[in-house]
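Student: start-v5.cif (mmCIF, C-alpha atoms) pasted underneath:
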data_upload
#
loop_
_atom_site.label_atom_id
_atom_site.label_comp_id
_atom_site.auth_asym_id
_atom_site.auth_seq_id
_atom_site.Cartn_x
_atom_site.Cartn_y
_atom_site.Cartn_z
CA MET A 823 42.43 -10.27 69.36
CA ALA A 824 42.07 -8.84 65.89
CA ARG A 825 38.64 -8.38 64.49
CA HIS A 826 37.88 -9.57 60.98
CA SER A 827 35.91 -7.11 58.92
CA GLY A 828 34.65 -6.66 55.39
CA ARG A 829 33.12 -10.13 55.18
CA GLY A 830 30.39 -9.74 52.60
CA TRP A 831 29.41 -13.39 52.99
CA TYR A 832 28.23 -12.66 56.49
CA GLY A 833 25.60 -10.31 55.17
CA LYS A 834 23.80 -13.37 53.86
CA VAL A 835 24.29 -15.20 57.14
CA ALA A 836 23.03 -12.21 59.09
CA ALA A 837 19.95 -12.00 56.90
CA ALA A 838 19.21 -15.65 57.54
CA ALA A 839 19.77 -15.07 61.24
CA VAL A 840 17.08 -12.39 61.33
CA GLY A 841 14.51 -15.07 60.58
CA VAL A 842 16.00 -17.30 63.25
CA THR A 843 15.86 -14.49 65.78
CA VAL A 844 12.23 -13.72 64.98
CA LEU A 845 11.30 -17.38 65.30
CA ALA A 846 13.19 -17.65 68.56
CA ALA A 847 11.43 -14.61 69.96
CA GLY A 848 8.04 -16.05 69.14
CA ALA A 849 8.67 -19.67 70.04
CA SER A 850 10.98 -19.50 73.02
CA VAL A 851 12.17 -17.20 75.74
CA TRP A 852 15.92 -17.32 76.12
CA ALA A 853 16.87 -16.41 79.68
CA THR A 854 19.90 -14.23 80.18
CA GLN A 855 21.53 -16.47 82.71
CA ALA A 856 22.92 -19.98 82.94
CA GLY A 857 20.97 -23.14 82.34
CA ALA A 858 17.91 -21.61 80.74
CA VAL A 859 17.67 -22.85 77.17
CA GLY A 860 14.15 -22.53 75.84
CA THR A 861 12.13 -24.85 73.67
CA GLY A 862 12.42 -23.07 70.34
CA SER A 863 12.35 -26.42 68.57
CA ALA A 864 10.27 -29.45 69.33
CA ARG A 865 13.24 -31.52 68.18
CA ALA A 866 15.66 -30.02 70.68
CA SER A 867 18.05 -32.61 72.03
CA SER A 868 17.73 -33.38 75.71
CA SER A 869 21.43 -32.61 76.02
CA ALA A 870 20.67 -28.97 75.25
CA GLU A 871 18.05 -28.63 77.96
CA PRO A 872 18.50 -27.30 81.51
CA GLY A 873 20.36 -29.57 83.88
CA ALA A 874 21.19 -32.23 81.27
CA ASP A 875 24.70 -33.13 82.44
CA ILE A 876 25.96 -29.59 81.90
CA LYS A 877 28.98 -28.78 84.02
CA PRO A 878 30.23 -25.20 84.25
CA VAL A 879 33.78 -24.60 83.07
CA ASP A 880 36.38 -21.88 83.56
CA VAL A 881 35.27 -18.42 82.36
CA THR A 882 38.75 -17.35 81.29
CA ILE A 883 39.59 -17.39 77.59
CA ALA A 884 41.43 -20.60 76.73
CA HIS A 885 44.59 -20.60 74.64
CA ALA A 886 46.62 -23.50 76.00
CA SER A 887 46.67 -27.01 74.56
CA ASP A 888 45.82 -30.17 76.45
CA LYS A 889 49.01 -31.62 74.90
CA GLY A 890 51.19 -29.33 76.95
CA ALA A 891 54.06 -27.06 75.99
CA ARG A 892 54.66 -28.67 72.59
CA GLY A 893 51.00 -29.02 71.74
CA VAL A 894 49.11 -27.05 69.11
CA ASN A 895 45.38 -26.64 68.60
CA ILE A 896 44.03 -26.43 65.06
CA THR A 897 40.78 -24.45 65.05
CA ILE A 898 38.53 -24.03 62.02
CA ASP A 899 35.98 -21.21 61.93
CA ASP A 900 32.73 -20.15 60.31
CA GLY A 901 31.44 -23.35 58.71
CA PRO A 902 30.33 -25.87 58.04
CA ASP A 903 30.46 -25.27 54.30
CA PRO A 904 29.41 -27.93 51.76
CA GLU A 905 32.39 -27.28 49.47
CA TRP A 906 35.26 -26.59 51.84
CA THR A 907 34.53 -28.45 55.07
CA PRO A 908 34.79 -31.90 53.42
CA GLN A 909 38.14 -30.90 51.91
CA VAL A 910 39.43 -29.68 55.27
CA LEU A 911 38.25 -32.93 56.85
CA ASP A 912 40.11 -34.91 54.18
CA VAL A 913 43.40 -33.10 54.92
CA LEU A 914 43.00 -33.51 58.67
CA ARG A 915 42.30 -37.22 58.20
CA GLU A 916 45.31 -37.61 55.90
CA TYR A 917 47.65 -36.31 58.61
CA GLY A 918 45.84 -37.82 61.58
CA VAL A 919 45.00 -34.45 63.11
CA LYS A 920 41.99 -33.63 65.26
CA ALA A 921 40.67 -30.06 65.25
CA THR A 922 38.07 -27.85 66.87
CA PHE A 923 35.38 -26.59 64.49
CA CYS A 924 33.83 -23.26 65.53
CA MET A 925 30.47 -23.31 63.78
CA VAL A 926 28.05 -20.54 62.92
CA GLY A 927 24.57 -21.56 64.02
CA THR A 928 22.82 -20.93 60.72
CA GLN A 929 25.50 -22.88 58.86
CA ALA A 930 25.17 -25.84 61.22
CA GLN A 931 21.41 -25.77 60.85
CA ALA A 932 21.71 -25.72 57.05
CA HIS A 933 24.25 -28.56 56.88
CA PRO A 934 23.60 -31.07 59.68
CA ASP A 935 25.20 -33.86 57.68
CA LEU A 936 28.51 -32.02 57.80
CA VAL A 937 28.22 -31.38 61.53
CA LYS A 938 27.73 -35.10 62.04
CA GLN A 939 30.76 -35.85 59.83
CA VAL A 940 32.90 -33.54 61.95
CA VAL A 941 31.80 -35.30 65.14
CA ALA A 942 32.17 -38.78 63.64
CA ALA A 943 35.77 -37.98 62.70
CA GLY A 944 36.61 -37.23 66.33
CA HIS A 945 36.78 -33.44 66.13
CA ARG A 946 35.26 -31.09 68.70
CA LEU A 947 32.50 -28.52 68.27
CA CYS A 948 32.57 -24.85 69.22
CA ASP A 949 29.70 -22.35 69.33
CA HIS A 950 30.57 -19.38 67.09
CA SER A 951 27.21 -17.57 67.54
CA VAL A 952 24.17 -17.53 65.28
CA SER A 953 25.22 -14.90 62.76
CA HIS A 954 28.88 -14.01 63.35
CA ASP A 955 28.20 -10.48 64.55
CA THR A 956 31.63 -9.00 65.37
CA THR A 957 29.96 -6.17 67.26
CA MET A 958 28.34 -8.47 69.82
CA ASP A 959 30.29 -6.84 72.62
CA LYS A 960 28.43 -3.60 71.88
CA LYS A 961 25.00 -5.24 72.06
CA SER A 962 22.65 -5.96 74.95
CA GLU A 963 22.98 -8.97 77.19
CA ALA A 964 19.68 -10.28 75.83
CA TYR A 965 21.10 -10.16 72.29
CA GLN A 966 24.34 -11.85 73.36
CA SER A 967 22.30 -14.55 75.09
CA GLN A 968 20.20 -15.18 71.99
CA GLN A 969 23.26 -15.42 69.76
CA ILE A 970 25.07 -17.85 72.06
CA LEU A 971 22.18 -20.03 73.21
CA ASP A 972 20.40 -20.27 69.85
CA ALA A 973 23.67 -21.32 68.23
CA GLU A 974 24.29 -23.86 70.98
CA ARG A 975 20.88 -25.37 70.29
CA MET A 976 21.31 -25.33 66.50
CA ILE A 977 24.71 -27.02 66.65
CA THR A 978 23.53 -29.61 69.20
CA GLU A 979 20.49 -30.48 67.10
CA ALA A 980 22.53 -30.65 63.89
CA SER A 981 25.11 -32.94 65.51
CA GLY A 982 22.48 -35.36 66.74
CA GLY A 983 22.93 -34.42 70.39
CA VAL A 984 26.64 -33.62 70.76
CA ARG A 985 27.04 -30.26 72.47
CA PRO A 986 29.70 -27.68 71.63
CA MET A 987 32.54 -27.69 74.15
CA TYR A 988 33.74 -24.13 73.51
CA TYR A 989 32.44 -20.69 72.65
CA ARG A 990 34.45 -18.39 70.38
CA ALA A 991 33.13 -14.86 70.07
CA PRO A 992 33.04 -13.59 66.47
CA GLY A 993 36.13 -11.48 65.90
CA GLY A 994 37.05 -11.97 69.55
CA ALA A 995 34.13 -9.79 70.69
CA PHE A 996 33.89 -11.32 74.15
CA THR A 997 32.31 -9.61 77.12
CA PRO A 998 32.41 -10.63 80.79
CA TYR A 999 28.74 -11.52 80.42
CA SER A 1000 29.17 -13.69 77.30
CA ARG A 1001 32.11 -15.52 78.83
CA LYS A 1002 30.19 -16.22 82.02
CA LEU A 1003 27.10 -17.37 80.12
CA ALA A 1004 29.06 -19.69 77.83
CA ALA A 1005 31.06 -21.14 80.72
CA SER A 1006 27.88 -21.80 82.69
CA ARG A 1007 26.69 -23.87 79.71
CA GLY A 1008 29.87 -25.94 79.72
CA MET A 1009 31.45 -24.04 76.81
CA ARG A 1010 34.95 -22.74 77.57
CA PRO A 1011 35.59 -19.33 75.98
CA LEU A 1012 38.14 -19.93 73.23
CA GLY A 1013 40.68 -17.49 71.87
CA TRP A 1014 43.58 -17.87 69.47
CA ASN A 1015 47.30 -17.13 69.43
CA VAL A 1016 48.04 -17.37 65.72
CA ASP A 1017 45.75 -15.82 63.12
CA SER A 1018 46.79 -17.44 59.84
CA LYS A 1019 45.08 -14.58 57.97
CA ASP A 1020 43.77 -17.17 55.54
CA PHE A 1021 40.53 -15.22 55.31
CA GLU A 1022 42.37 -12.54 53.35
CA ARG A 1023 43.45 -15.12 50.76
CA PRO A 1024 47.07 -13.93 50.55
CA GLY A 1025 48.21 -17.19 48.97
CA ALA A 1026 48.88 -20.59 50.54
CA ASP A 1027 52.61 -19.94 50.92
CA THR A 1028 51.94 -16.70 52.81
CA ILE A 1029 49.47 -18.45 55.10
CA VAL A 1030 52.03 -21.14 55.85
CA ALA A 1031 54.76 -18.56 56.45
CA THR A 1032 52.50 -16.71 58.90
CA VAL A 1033 51.90 -19.86 60.94
CA GLU A 1034 55.56 -20.86 60.89
CA ARG A 1035 56.59 -17.38 62.03
CA GLU A 1036 53.97 -16.94 64.75
CA VAL A 1037 53.49 -20.41 66.23
CA THR A 1038 55.86 -19.46 69.04
CA ASN A 1039 53.21 -16.94 70.14
CA GLY A 1040 51.07 -19.78 71.45
CA PRO A 1041 49.38 -23.03 70.52
CA THR A 1042 45.94 -22.14 69.18
CA ILE A 1043 45.95 -21.53 65.42
CA LEU A 1044 43.01 -20.01 63.52
CA PHE A 1045 41.92 -21.16 60.05
CA HIS A 1046 38.59 -20.93 58.18
CA ASP A 1047 36.47 -23.41 56.22
CA ALA A 1048 33.76 -21.00 55.08
CA GLY A 1049 33.11 -17.42 54.04
CA GLY A 1050 34.35 -17.71 50.47
CA ASP A 1051 36.98 -19.58 48.49
CA ARG A 1052 39.02 -21.58 51.01
CA SER A 1053 41.23 -23.41 48.50
CA GLN A 1054 44.27 -21.58 49.86
CA THR A 1055 43.43 -22.77 53.37
CA VAL A 1056 43.20 -26.38 52.19
CA GLU A 1057 46.58 -26.14 50.48
CA ALA A 1058 48.13 -24.34 53.44
CA LEU A 1059 46.97 -27.08 55.80
CA ARG A 1060 48.58 -29.69 53.53
CA GLN A 1061 51.88 -27.89 54.00
CA VAL A 1062 51.72 -26.70 57.59
CA LEU A 1063 50.44 -29.86 59.31
CA PRO A 1064 53.45 -32.02 58.35
CA TRP A 1065 55.76 -29.07 59.09
CA LEU A 1066 54.39 -28.78 62.60
CA LYS A 1067 54.94 -32.51 63.13
CA GLU A 1068 58.53 -32.17 61.88
CA GLN A 1069 59.10 -29.41 64.44
CA GLY A 1070 58.08 -31.75 67.23
CA TYR A 1071 54.59 -30.41 67.86
CA SER A 1072 51.69 -32.69 68.73
CA PHE A 1073 48.06 -31.89 67.96
CA GLY A 1074 45.58 -31.49 70.77
CA PHE A 1075 42.49 -29.63 71.84
CA PRO A 1076 42.16 -26.38 73.76
CA VAL A 1077 42.14 -26.87 77.51
CA ARG A 1078 38.77 -27.00 79.23
#
Represent the structure of the file as structure tokens.

Tutor:
Amino acid sequence: MARHSGRGWYGKVAAAAVGVTVLAAGASVWATQAGAVGTGSARASSSAEPGADIKPVDVTIAHASDKGARGVNITIDDGPDPEWTPQVLDVLREYGVKATFCMVGTQAQAHPDLVKQVVAAGHRLCDHSVSHDTTMDKKSEAYQSQQILDAERMITEASGGVRPMYYRAPGGAFTPYSRKLAASRGMRPLGWNVDSKDFERPGADTIVATVEREVTNGPTILFHDAGGDRSQTVEALRQVLPWLKEQGYSFGFPVR
């Protein structure tokens, strides 16, 4: 999996995450193994607490679609964002497509109304860590645990109690430990097969051409709704979603 680099926007997210990490250290102890989410917030949903209907899932990185061989999974990373997420939601609604939104914890915490909109529209949630640190695989298990479990809590609280069903490591920086931890919390590790490269803003036509060329690589397609100007992504989705339907693809969710 390619790693995305040079994302200046994440400097701001990382700075915000420092405060979250400090608060978490003082207010809760995040265990480094399954089922031990602390009480960093008095408002924590019961669904994010130990033993609350959490069923472990497969630790392998998911790519397949629950719609089978002609299924595709639209995945949207790094939000929610107050400008771009609503526009992405509008396009998905226009074409009757459900997607998986991989949310950064600090973004979810800042925009709970958008998290709730995503859930209300029938989309699924994915834990994308607290601060989108693409070097997580080089960090300690305690750090990985904090990034995954704090984000899980933030997203669950922001959604009103709906837990993320997947965990996508920033830049694909999975480790055996992070996969096992996420899976033990009911979050299937989630990869991708097609990187639309929309983050580079090469133009909507180029983004569409990339998806059309590479969709035979596998069903899970990566787009972004945050991290800068995502107008090209919105336009690309308007073009690629009907194209995929014309090619006989159906839209599903990553397998669990």

Student: Counting all atoms listed in the file, which residue out of A:Ser887, A:Ser1000, A:Thr928, A:Gln1054 sits closest to A:Asp900?

Tutor: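 Smallest separation from A:Asp900 among the options: A:Thr928.
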
Student: Would you please work out which residue, of A:Thr997, A:Ser1018, A:Ser953, A:Gln1061, is nearest to A:Gly927 when using all atoms listed in the file?

Tutor: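 Of the candidates, the smallest distance to A:Gly927 is held by A:Ser953.
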
Student: Here is a test: counting all atoms listed in the file, which residue of A:His1046, A:Arg990, A:Arg1010, A:Lys920 is nearest to A:Val881?

Tutor: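 Counting all atoms listed in the file, the residue closest to A:Val881 is A:Arg1010.
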
Student: Report the centre and edge lengths, in Å to one decimal, of an axis-aligned box enclosing every atom of stretch 1044-1062 of chain A listed in the file, padded by 3 Å on each side, as lines of an AutoDock Vina configuration file.

Tutor:
center_x = 42.5
center_y = -23.6
center_z = 56.0
size_x = 24.8
size_y = 18.3
size_z = 21.0

Student: What is the distance between atom CA of A:Lys1067 and atom CA of A:Tyr917, in Å to one decimal?

Tutor: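 So the answer is 9.4 Å.
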
Student: Might you pull out every residue within 8 Å of A:Phe1021, with only C-alpha atoms counted and same-chain residues fewer than 2 positions away left off, and present them as a PDB file with C-alpha atoms, in the frame of the given file?

Tutor:
ATOM      1  CA  LYS A1019      45.080 -14.580  57.970  1.00  0.00           C
ATOM      2  CA  ARG A1023      43.450 -15.120  50.760  1.00  0.00           C
ATOM      3  CA  PHE A1045      41.920 -21.160  60.050  1.00  0.00           C
ATOM      4  CA  HIS A1046      38.590 -20.930  58.180  1.00  0.00           C
ATOM      5  CA  GLY A1049      33.110 -17.420  54.040  1.00  0.00           C
ATOM      6  CA  ARG A1052      39.020 -21.580  51.010  1.00  0.00           C
TER       7      ARG A1052
END

Student: So, with only C-alpha atoms as the atoms that count, which of A:Val1016, A:Tyr965, A:Asp972, A:Thr956 lies closest to A:Gln931?

Tutor: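 Ranking A:Val1016, A:Tyr965, A:Asp972, A:Thr956 by distance to A:Gln931, first place goes to A:Asp972.
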
Student: Which residues, written as a PyMOL selection string, have at least one atom at most 9 Å from A:Asp899, with all atoms listed in the file counted and residues fewer than 4 positions away on the same chain left out?

Tutor: chain A and resi 922-926+948+950+1044-1048

Student: Quick one, how far is atom CA of A:Ser1053 from atom CA of A:Gly994?

Tutor: 24.3 Å

Student: Could you write out as an MDAnalysis selection string the residues that the PyMOL selection byres ((chain A and resi 1059) around 12) matches in the shown file?

Tutor: chainID A and resid 896:898 909:917 919 921 1018 1020 1026:1031 1033:1034 1043:1047 1052:1058 1060:1066

Student: Could you work out how far atom CA of A:Tyr989 lies from atom CA of A:Asp959, giving the answer in Å with one decimal?

Tutor: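 One can read the atom CA of A:Asp959 to atom CA of A:Tyr989 distance as 14.0 Å.
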
Student: Name every residue that the PyMOL selection byres ((chain A and resi 890) around 10) selects in this structure, writing the answer as a PyMOL selection string with chains first and numbers rising.

Tutor: chain A and resi 886-889+891-894+1041+1071-1074+1077

Student: For a quick check of understanding, using all atoms listed in the file, which of A:Gly918, A:Ser967, A:Asp875, A:Pro1024 has the smallest distance to A:Ala943?

Tutor: A:Gly918

Student: Between A:Ser981, A:His885, A:Ala995, A:Ser962, which one has atoms that come closest to A:Asp935, using only C-alpha atoms?

Tutor: A:Ser981

Student: Do you know which residues the PyMOL selection byres ((chain A and resi 985) around 10) returns on this file, as number ranges by chain?

Tutor: A: 867, 869-870, 876, 946-949, 974-984, 986-988, 1007-1009

Student: With C-alpha atoms retained, export the selected residues as a tab-separated table (two decimals), keeping the file's coordinate frame.

Tutor:
chain	number	residue	atom	x	y	z
A	867	SER	CA	18.05	-32.61	72.03
A	869	SER	CA	21.43	-32.61	76.02
A	870	ALA	CA	20.67	-28.97	75.25
A	876	ILE	CA	25.96	-29.59	81.90
A	946	ARG	CA	35.26	-31.09	68.70
A	947	LEU	CA	32.50	-28.52	68.27
A	948	CYS	CA	32.57	-24.85	69.22
A	949	ASP	CA	29.70	-22.35	69.33
A	974	GLU	CA	24.29	-23.86	70.98
A	975	ARG	CA	20.88	-25.37	70.29
A	976	MET	CA	21.31	-25.33	66.50
A	977	ILE	CA	24.71	-27.02	66.65
A	978	THR	CA	23.53	-29.61	69.20
A	979	GLU	CA	20.49	-30.48	67.10
A	980	ALA	CA	22.53	-30.65	63.89
A	981	SER	CA	25.11	-32.94	65.51
A	982	GLY	CA	22.48	-35.36	66.74
A	983	GLY	CA	22.93	-34.42	70.39
A	984	VAL	CA	26.64	-33.62	70.76
A	986	PRO	CA	29.70	-27.68	71.63
A	987	MET	CA	32.54	-27.69	74.15
A	988	TYR	CA	33.74	-24.13	73.51
A	1007	ARG	CA	26.69	-23.87	79.71
A	1008	GLY	CA	29.87	-25.94	79.72
A	1009	MET	CA	31.45	-24.04	76.81
